[in-house]
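Read the structure below first, then the notes.
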Amino acid sequence: MKKLLTKLAFAAGSFAMLTTAQAADVKRAITKVAGDVYRFQNNFNYSLVTITDDGVVVVDPINAEAATWLKANLNQITDKSITHLIYSHSHGGHASGGAALGAANVIAQKNAREAIDGVKPTMRFDEAKTMEIGGKTFEMTYLGAGHGDDLIAVIVRPENVGFITDVAAPKRLPFKTMPSSSVDAWIDQVKKVQTLDFEHFAPAHGNIGVKADTDDVLKYMTTLRAEVLAGLKAGKSVEDLQASITMDEYKDWAQYEVWRPLNVQGMAEYLVKAGKVK
Ligand SMILES: [Zn+2]
């Protein structure tokens with residue numbers, strides 16, 4: 001990047017070009033999902049932004065720089081200010097920097113830590129919570145322990161947009177080795193998402209899809225689990241399994257090339273650790 005900046009600075013001979021190049025370093029945008037519901041992109045992370053009659057509801061600040069940018073650029077879509085911040089869960093890459101949004105109402109699941117990067121939730125819930133805000137309905141559902149222990153799904157109506165973080169994304173492999181999670185509990189979280197009623201699948205990572213994409217994610221994970229388990233029981237090494245479990249059906253999914261071997265490795269490590277291989 002430094003090389004590129006230097007090159008650009010020489011080529012353009014202007015400071016303006018340089019600042020443009022620096023700004024392009026982080027990809028940020030606010031794009032419509034449906035109706036009054038938008039996604040805010042900060043590189044590979046997305047949050048959800050909904051305009052209501054009473055103000056703007058944001059799910060996940062991402063980080064301080066992202067949240068500051070979002071607040072400053074909200075005028076692209078509305079002149080209303082942010083009234084509510086909902087945390088999908090308290091993992092740093094999604095939940096940092098919330099203070100920059102200045103929301104008076106902050107909602108998180110019961111298990112979230114007392115303050116999330118210095119922001120104290122003003123309301124917590126256990127299994128489920130529905131809020132009517134400025135003509136929109138926000139249905140929040142605890143997905144159970146698995147990927148974290150405070151992860152929720154947020155569905156916005158009447159647009160029927162489901163904001164799902166980290167446990168599933170349309171046509172995209174699970175993250176790397178599926179770290180610091182019980183994979184079976186993670187699968188249960190995907191099953192919980194399946195029980196919810198929504199149309200547009202807005203993930204925190206990757207492209208927008210539809211509810212039915214959840215079925216494919218579940219199928220990917222259960223197929224991977226079955227194949228890795230069978231391979232381990234047959235005495236195969238992780239390297240053997242990485243070579244043989246090709247999951248061809250998912251070749252067109254995002255991150256297939258890079259994360260498939262890591263998925264196999266993570267699944268194998270989980271199954272051994274969980275005592276599933278006898
Ligand atoms: Zn997470």
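Simple scheme: letters A, B, ... for chains in structure tokens order, numbers from 1 for residues in each chain, numbers from 1 for ligands in the order shown.
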Which residues are near ligand 1 - at most 9 Å, using only C-alpha atoms and all ligand atoms? Format: as a ChimeraX atom specification. /A:88-94,147-148,151,165-167
I need the chosen residues saved as an mmCIF file, in the first residue's frame, with N, CA and C atoms.
```cif
data_model
loop_
_atom_site.group_PDB
_atom_site.id
_atom_site.type_symbol
_atom_site.label_atom_id
_atom_site.label_comp_id
_atom_site.auth_asym_id
_atom_site.auth_seq_id
_atom_site.Cartn_x
_atom_site.Cartn_y
_atom_site.Cartn_z
ATOM 1 N N SER A 88 -25.390 -7.181 17.971
ATOM 2 C CA SER A 88 -25.638 -8.573 17.541
ATOM 3 C C SER A 88 -24.964 -9.538 18.513
ATOM 4 N N HIS A 89 -23.804 -9.168 18.994
ATOM 5 C CA HIS A 89 -23.056 -9.881 20.027
ATOM 6 C C HIS A 89 -21.870 -8.999 20.366
ATOM 7 N N SER A 90 -21.057 -9.415 21.337
ATOM 8 C CA SER A 90 -20.059 -8.460 21.822
ATOM 9 C C SER A 90 -18.647 -8.708 21.289
ATOM 10 N N HIS A 91 -18.494 -9.469 20.221
ATOM 11 C CA HIS A 91 -17.144 -9.653 19.650
ATOM 12 C C HIS A 91 -16.622 -8.332 19.084
ATOM 13 N N GLY A 92 -15.330 -8.097 19.361
ATOM 14 C CA GLY A 92 -14.702 -6.812 19.072
ATOM 15 C C GLY A 92 -14.912 -6.275 17.662
ATOM 16 N N GLY A 93 -14.764 -7.125 16.653
ATOM 17 C CA GLY A 93 -14.839 -6.662 15.269
ATOM 18 C C GLY A 93 -16.209 -6.173 14.837
ATOM 19 N N HIS A 94 -17.208 -6.416 15.644
ATOM 20 C CA HIS A 94 -18.566 -5.956 15.340
ATOM 21 C C HIS A 94 -19.057 -4.925 16.350
ATOM 22 N N HIS A 147 -21.226 -19.827 18.762
ATOM 23 C CA HIS A 147 -20.325 -18.737 18.416
ATOM 24 C C HIS A 147 -20.636 -17.616 19.417
ATOM 25 N N GLY A 148 -19.823 -17.513 20.456
ATOM 26 C CA GLY A 148 -20.114 -16.583 21.547
ATOM 27 C C GLY A 148 -21.285 -17.073 22.381
ATOM 28 N N LEU A 151 -25.092 -14.090 21.195
ATOM 29 C CA LEU A 151 -25.395 -13.782 19.789
ATOM 30 C C LEU A 151 -26.906 -13.770 19.524
ATOM 31 N N THR A 165 -25.291 -12.510 12.117
ATOM 32 C CA THR A 165 -23.856 -12.259 12.253
ATOM 33 C C THR A 165 -23.084 -13.556 12.478
ATOM 34 N N ASP A 166 -22.047 -13.741 11.706
ATOM 35 C CA ASP A 166 -20.983 -14.736 11.938
ATOM 36 C C ASP A 166 -21.363 -16.217 11.815
ATOM 37 N N VAL A 167 -22.549 -16.652 12.230
ATOM 38 C CA VAL A 167 -22.827 -18.099 12.187
ATOM 39 C C VAL A 167 -23.261 -18.587 10.816
#
```
All residues 10 Å or closer to Phe44 of chain A, only C-alpha atoms, same chain fewer than 2 positions away omitted, as a CSV table (one decimal) with C-alpha atoms, in the first residue's frame:
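Written file, selection11.csv:
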```csv
chain,number,residue,atom,x,y,z
A,26,VAL,CA,-11.1,1.3,3.7
A,27,LYS,CA,-14.2,0.4,1.7
A,28,ARG,CA,-17.2,2.1,3.2
A,41,GLN,CA,-20.2,-1.7,4.8
A,42,ASN,CA,-16.8,-1.3,6.5
A,46,TYR,CA,-21.5,-5.0,7.6
A,204,ALA,CA,-22.5,-9.3,8.7
A,205,HIS,CA,-20.0,-10.7,6.2
A,206,GLY,CA,-20.6,-11.3,2.5
```
All residues 12 Å or closer to segment 71-77 of chain A, only C-alpha atoms, same chain fewer than 2 positions away omitted, as an MDAnalysis selection string: chainID A and resid 28:32 35:40 49:52 55:58 61 64:69 79:83 97:103
So that I have them on file, write out the residues from the current selection with C-alpha atoms, as a PDB file, in the first residue's frame.
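Below you can see out_17.pdb, which holds the result:
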```pdb
ATOM      1  CA  ARG A  28     -17.198   2.082   3.211  1.00  0.00           C
ATOM      2  CA  ALA A  29     -20.688   2.464   1.827  1.00  0.00           C
ATOM      3  CA  ILE A  30     -24.339   2.652   2.823  1.00  0.00           C
ATOM      4  CA  THR A  31     -26.537   0.581   0.503  1.00  0.00           C
ATOM      5  CA  LYS A  32     -30.218  -0.268   0.507  1.00  0.00           C
ATOM      6  CA  GLY A  35     -37.502  -0.284   2.027  1.00  0.00           C
ATOM      7  CA  ASP A  36     -35.969   1.727   4.870  1.00  0.00           C
ATOM      8  CA  VAL A  37     -33.368  -0.881   5.737  1.00  0.00           C
ATOM      9  CA  TYR A  38     -29.744  -0.390   4.683  1.00  0.00           C
ATOM     10  CA  ARG A  39     -26.407  -2.096   5.158  1.00  0.00           C
ATOM     11  CA  PHE A  40     -23.339  -0.168   6.192  1.00  0.00           C
ATOM     12  CA  VAL A  49     -29.153   0.656   9.518  1.00  0.00           C
ATOM     13  CA  THR A  50     -32.913   1.210   9.639  1.00  0.00           C
ATOM     14  CA  ILE A  51     -34.673   4.539   9.253  1.00  0.00           C
ATOM     15  CA  THR A  52     -37.805   4.753  11.387  1.00  0.00           C
ATOM     16  CA  GLY A  55     -34.940   8.046  14.277  1.00  0.00           C
ATOM     17  CA  VAL A  56     -32.278   5.641  13.088  1.00  0.00           C
ATOM     18  CA  VAL A  57     -31.665   2.188  14.551  1.00  0.00           C
ATOM     19  CA  VAL A  58     -28.185   0.726  14.057  1.00  0.00           C
ATOM     20  CA  PRO A  61     -21.073  -0.123  15.400  1.00  0.00           C
ATOM     21  CA  ALA A  64     -14.833   3.572  16.369  1.00  0.00           C
ATOM     22  CA  GLU A  65     -13.620   4.764  12.948  1.00  0.00           C
ATOM     23  CA  ALA A  66     -16.444   2.966  11.161  1.00  0.00           C
ATOM     24  CA  ALA A  67     -19.082   4.280  13.569  1.00  0.00           C
ATOM     25  CA  THR A  68     -17.744   7.818  13.267  1.00  0.00           C
ATOM     26  CA  TRP A  69     -17.892   7.576   9.475  1.00  0.00           C
ATOM     27  CA  ASP A  79     -31.691  13.704   8.220  1.00  0.00           C
ATOM     28  CA  LYS A  80     -32.769  11.782  11.321  1.00  0.00           C
ATOM     29  CA  SER A  81     -30.334  10.977  14.092  1.00  0.00           C
ATOM     30  CA  ILE A  82     -29.432   7.681  15.718  1.00  0.00           C
ATOM     31  CA  THR A  83     -31.720   6.752  18.607  1.00  0.00           C
ATOM     32  CA  GLY A  97     -16.669   1.931  19.115  1.00  0.00           C
ATOM     33  CA  GLY A  98     -20.385   2.130  19.923  1.00  0.00           C
ATOM     34  CA  ALA A  99     -19.935   5.387  21.841  1.00  0.00           C
ATOM     35  CA  ALA A 100     -19.298   7.211  18.546  1.00  0.00           C
ATOM     36  CA  LEU A 101     -22.913   6.638  17.476  1.00  0.00           C
ATOM     37  CA  GLY A 102     -24.299   8.477  20.497  1.00  0.00           C
ATOM     38  CA  ALA A 103     -27.443   6.326  20.787  1.00  0.00           C
TER      39      ALA A 103
END
```
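Counting only C-alpha atoms and comparing A:Lys129, A:Lys171, A:Arg124, A:Lys251, the residue that lies closest to Phe201 of chain A is A:Lys171.
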Give the alpha helix (DSSP H) residues of segment 172-240 of chain A, as DSSP finds them on the backbone, and put them as a PyMOL selection string. chain A and resi 183-194+213-233+238-240
Those same residues, written as an mmCIF file, in the first residue's frame with N, CA and C atoms?
```
data_model
loop_
_atom_site.group_PDB
_atom_site.id
_atom_site.type_symbol
_atom_site.label_atom_id
_atom_site.label_comp_id
_atom_site.auth_asym_id
_atom_site.auth_seq_id
_atom_site.Cartn_x
_atom_site.Cartn_y
_atom_site.Cartn_z
ATOM 1 N N VAL A 183 -18.483 -26.557 17.511
ATOM 2 C CA VAL A 183 -19.084 -26.568 16.172
ATOM 3 C C VAL A 183 -20.526 -27.083 16.229
ATOM 4 N N ASP A 184 -20.786 -28.064 17.097
ATOM 5 C CA ASP A 184 -22.171 -28.559 17.197
ATOM 6 C C ASP A 184 -23.111 -27.485 17.730
ATOM 7 N N ALA A 185 -22.627 -26.677 18.670
ATOM 8 C CA ALA A 185 -23.450 -25.580 19.180
ATOM 9 C C ALA A 185 -23.662 -24.529 18.089
ATOM 10 N N TRP A 186 -22.632 -24.342 17.260
ATOM 11 C CA TRP A 186 -22.719 -23.414 16.122
ATOM 12 C C TRP A 186 -23.805 -23.913 15.146
ATOM 13 N N ILE A 187 -23.765 -25.228 14.863
ATOM 14 C CA ILE A 187 -24.787 -25.818 13.979
ATOM 15 C C ILE A 187 -26.178 -25.596 14.569
ATOM 16 N N ASP A 188 -26.290 -25.739 15.895
ATOM 17 C CA ASP A 188 -27.591 -25.486 16.539
ATOM 18 C C ASP A 188 -28.029 -24.032 16.348
ATOM 19 N N GLN A 189 -27.064 -23.116 16.337
ATOM 20 C CA GLN A 189 -27.405 -21.701 16.108
ATOM 21 C C GLN A 189 -27.951 -21.489 14.698
ATOM 22 N N VAL A 190 -27.359 -22.194 13.728
ATOM 23 C CA VAL A 190 -27.864 -22.093 12.351
ATOM 24 C C VAL A 190 -29.283 -22.656 12.281
ATOM 25 N N LYS A 191 -29.508 -23.763 13.006
ATOM 26 C CA LYS A 191 -30.863 -24.345 13.052
ATOM 27 C C LYS A 191 -31.861 -23.362 13.666
ATOM 28 N N LYS A 192 -31.389 -22.624 14.660
ATOM 29 C CA LYS A 192 -32.263 -21.618 15.288
ATOM 30 C C LYS A 192 -32.615 -20.517 14.272
ATOM 31 N N VAL A 193 -31.629 -20.107 13.491
ATOM 32 C CA VAL A 193 -31.882 -19.100 12.439
ATOM 33 C C VAL A 193 -32.945 -19.628 11.472
ATOM 34 N N GLN A 194 -32.859 -20.931 11.171
ATOM 35 C CA GLN A 194 -33.839 -21.552 10.265
ATOM 36 C C GLN A 194 -35.270 -21.412 10.756
ATOM 37 N N ASP A 213 -30.993 -19.563 1.944
ATOM 38 C CA ASP A 213 -29.542 -19.747 2.003
ATOM 39 C C ASP A 213 -29.119 -20.378 3.325
ATOM 40 N N THR A 214 -29.924 -20.173 4.365
ATOM 41 C CA THR A 214 -29.631 -20.775 5.669
ATOM 42 C C THR A 214 -29.620 -22.303 5.556
ATOM 43 N N ASP A 215 -30.559 -22.853 4.768
ATOM 44 C CA ASP A 215 -30.625 -24.311 4.587
ATOM 45 C C ASP A 215 -29.327 -24.834 3.985
ATOM 46 N N ASP A 216 -28.792 -24.084 3.015
ATOM 47 C CA ASP A 216 -27.556 -24.516 2.351
ATOM 48 C C ASP A 216 -26.365 -24.458 3.304
ATOM 49 N N VAL A 217 -26.336 -23.436 4.155
ATOM 50 C CA VAL A 217 -25.248 -23.333 5.139
ATOM 51 C C VAL A 217 -25.304 -24.522 6.092
ATOM 52 N N LEU A 218 -26.501 -24.856 6.530
ATOM 53 C CA LEU A 218 -26.669 -25.987 7.438
ATOM 54 C C LEU A 218 -26.235 -27.288 6.757
ATOM 55 N N LYS A 219 -26.615 -27.430 5.497
ATOM 56 C CA LYS A 219 -26.251 -28.638 4.745
ATOM 57 C C LYS A 219 -24.727 -28.721 4.594
ATOM 58 N N TYR A 220 -24.099 -27.580 4.303
ATOM 59 C CA TYR A 220 -22.640 -27.562 4.187
ATOM 60 C C TYR A 220 -22.001 -28.042 5.491
ATOM 61 N N MET A 221 -22.465 -27.483 6.600
ATOM 62 C CA MET A 221 -21.835 -27.793 7.888
ATOM 63 C C MET A 221 -22.067 -29.243 8.306
ATOM 64 N N THR A 222 -23.272 -29.747 8.092
ATOM 65 C CA THR A 222 -23.552 -31.125 8.500
ATOM 66 C C THR A 222 -22.847 -32.128 7.570
ATOM 67 N N THR A 223 -22.748 -31.795 6.286
ATOM 68 C CA THR A 223 -22.015 -32.659 5.349
ATOM 69 C C THR A 223 -20.542 -32.698 5.717
ATOM 70 N N LEU A 224 -19.979 -31.510 5.965
ATOM 71 C CA LEU A 224 -18.574 -31.419 6.363
ATOM 72 C C LEU A 224 -18.327 -32.238 7.632
ATOM 73 N N ARG A 225 -19.225 -32.083 8.599
ATOM 74 C CA ARG A 225 -19.087 -32.786 9.876
ATOM 75 C C ARG A 225 -19.085 -34.301 9.653
ATOM 76 N N ALA A 226 -20.039 -34.777 8.856
ATOM 77 C CA ALA A 226 -20.165 -36.220 8.607
ATOM 78 C C ALA A 226 -18.935 -36.763 7.893
ATOM 79 N N GLU A 227 -18.452 -36.036 6.899
ATOM 80 C CA GLU A 227 -17.308 -36.528 6.114
ATOM 81 C C GLU A 227 -16.021 -36.524 6.930
ATOM 82 N N VAL A 228 -15.839 -35.459 7.724
ATOM 83 C CA VAL A 228 -14.628 -35.382 8.555
ATOM 84 C C VAL A 228 -14.669 -36.461 9.634
ATOM 85 N N LEU A 229 -15.819 -36.660 10.241
ATOM 86 C CA LEU A 229 -15.950 -37.677 11.285
ATOM 87 C C LEU A 229 -15.666 -39.068 10.732
ATOM 88 N N ALA A 230 -16.246 -39.372 9.571
ATOM 89 C CA ALA A 230 -16.020 -40.683 8.947
ATOM 90 C C ALA A 230 -14.537 -40.875 8.635
ATOM 91 N N GLY A 231 -13.900 -39.816 8.137
ATOM 92 C CA GLY A 231 -12.476 -39.889 7.800
ATOM 93 C C GLY A 231 -11.611 -40.113 9.024
ATOM 94 N N LEU A 232 -11.914 -39.412 10.100
ATOM 95 C CA LEU A 232 -11.138 -39.564 11.338
ATOM 96 C C LEU A 232 -11.306 -40.972 11.892
ATOM 97 N N LYS A 233 -12.540 -41.462 11.833
ATOM 98 C CA LYS A 233 -12.809 -42.814 12.343
ATOM 99 C C LYS A 233 -12.081 -43.872 11.510
ATOM 100 N N VAL A 238 -5.476 -35.221 9.219
ATOM 101 C CA VAL A 238 -6.116 -33.965 8.797
ATOM 102 C C VAL A 238 -5.672 -33.604 7.379
ATOM 103 N N GLU A 239 -4.391 -33.827 7.079
ATOM 104 C CA GLU A 239 -3.876 -33.512 5.740
ATOM 105 C C GLU A 239 -4.583 -34.359 4.672
ATOM 106 N N ASP A 240 -4.780 -35.651 4.982
ATOM 107 C CA ASP A 240 -5.513 -36.527 4.053
ATOM 108 C C ASP A 240 -6.921 -35.980 3.821
#
```
Determine which residues of segment 69-277 of chain A DSSP labels as strand (DSSP E or B) from the backbone of this structure, then write them out as a VMD selection string. chain A and resid 82 to 86 105 to 109 116 119 123 to 125 128 to 133 136 to 142 146 148 152 to 157 161 to 164 172 200 to 203 209 to 210 254
Any chance you can output those residues with C-alpha atoms as a tab-separated table (two decimals), in the first residue's frame?
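Result saved to again-v3.tsv:
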```tsv
chain	number	residue	atom	x	y	z
A	82	ILE	CA	-29.43	7.68	15.72
A	83	THR	CA	-31.72	6.75	18.61
A	84	HIS	CA	-31.01	3.05	19.10
A	85	LEU	CA	-27.98	0.79	19.00
A	86	ILE	CA	-28.50	-2.96	19.05
A	105	ASN	CA	-30.99	3.41	23.79
A	106	VAL	CA	-28.64	0.46	23.73
A	107	ILE	CA	-29.89	-3.12	23.53
A	108	ALA	CA	-27.93	-6.34	24.05
A	109	GLN	CA	-28.53	-9.91	25.05
A	116	ILE	CA	-19.22	-3.25	25.54
A	119	VAL	CA	-20.96	1.38	26.27
A	123	MET	CA	-31.88	-2.76	27.97
A	124	ARG	CA	-31.19	-6.47	27.98
A	125	PHE	CA	-33.25	-9.52	27.13
A	128	ALA	CA	-36.45	-12.89	22.65
A	129	LYS	CA	-37.54	-9.29	22.52
A	130	THR	CA	-39.75	-7.38	20.11
A	131	MET	CA	-39.59	-3.59	19.93
A	132	GLU	CA	-41.81	-1.21	17.99
A	133	ILE	CA	-39.78	1.82	17.01
A	136	LYS	CA	-40.86	-0.53	12.39
A	137	THR	CA	-40.77	-3.78	14.31
A	138	PHE	CA	-37.48	-5.18	15.54
A	139	GLU	CA	-37.59	-8.85	16.48
A	140	MET	CA	-34.52	-9.92	18.40
A	141	THR	CA	-33.88	-13.60	19.09
A	142	TYR	CA	-31.13	-15.18	21.15
A	146	GLY	CA	-22.06	-21.52	20.28
A	148	GLY	CA	-20.11	-16.58	21.55
A	152	ILE	CA	-28.77	-12.62	18.53
A	153	ALA	CA	-30.57	-12.38	15.21
A	154	VAL	CA	-32.38	-9.14	14.39
A	155	ILE	CA	-35.35	-9.13	12.03
A	156	VAL	CA	-36.81	-5.84	10.83
A	157	ARG	CA	-40.42	-5.59	9.65
A	161	VAL	CA	-34.82	-8.32	6.66
A	162	GLY	CA	-32.88	-10.74	8.85
A	163	PHE	CA	-29.50	-9.52	10.11
A	164	ILE	CA	-27.39	-12.56	10.94
A	172	ARG	CA	-20.06	-18.29	1.93
A	200	HIS	CA	-33.88	-10.92	2.91
A	201	PHE	CA	-30.78	-12.47	4.48
A	202	ALA	CA	-28.42	-9.62	5.39
A	203	PRO	CA	-25.23	-11.12	6.82
A	209	GLY	CA	-29.19	-13.51	0.10
A	210	VAL	CA	-32.51	-15.05	1.01
A	254	ALA	CA	-17.11	-17.20	-1.25
```
Write out as a ChimeraX atom specification the residues lying within 9 Å of Trp253 of chain A, counting only C-alpha atoms and excluding same-chain residues fewer than 3 positions away. /A:170-173,249-250,256-257
So, counting only C-alpha atoms, which residue among A:Ala212, A:Ser96, A:Leu143, A:Val258 is closest to Gly118 of chain A?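 Closest to Gly118 of chain A, using only C-alpha atoms: A:Ser96.
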Report, in Å to a single decimal, how far apart atom CA of Leu271 of chain A and atom CA of Trp259 of chain A are.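 Separation of atom CA of Trp259 of chain A and atom CA of Leu271 of chain A: 17.8 Å.
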Counting only C-alpha atoms, what is within 10 Å of Lys176 of chain A, bar same-chain residues fewer than 6 positions away, as a count of residues only? 10
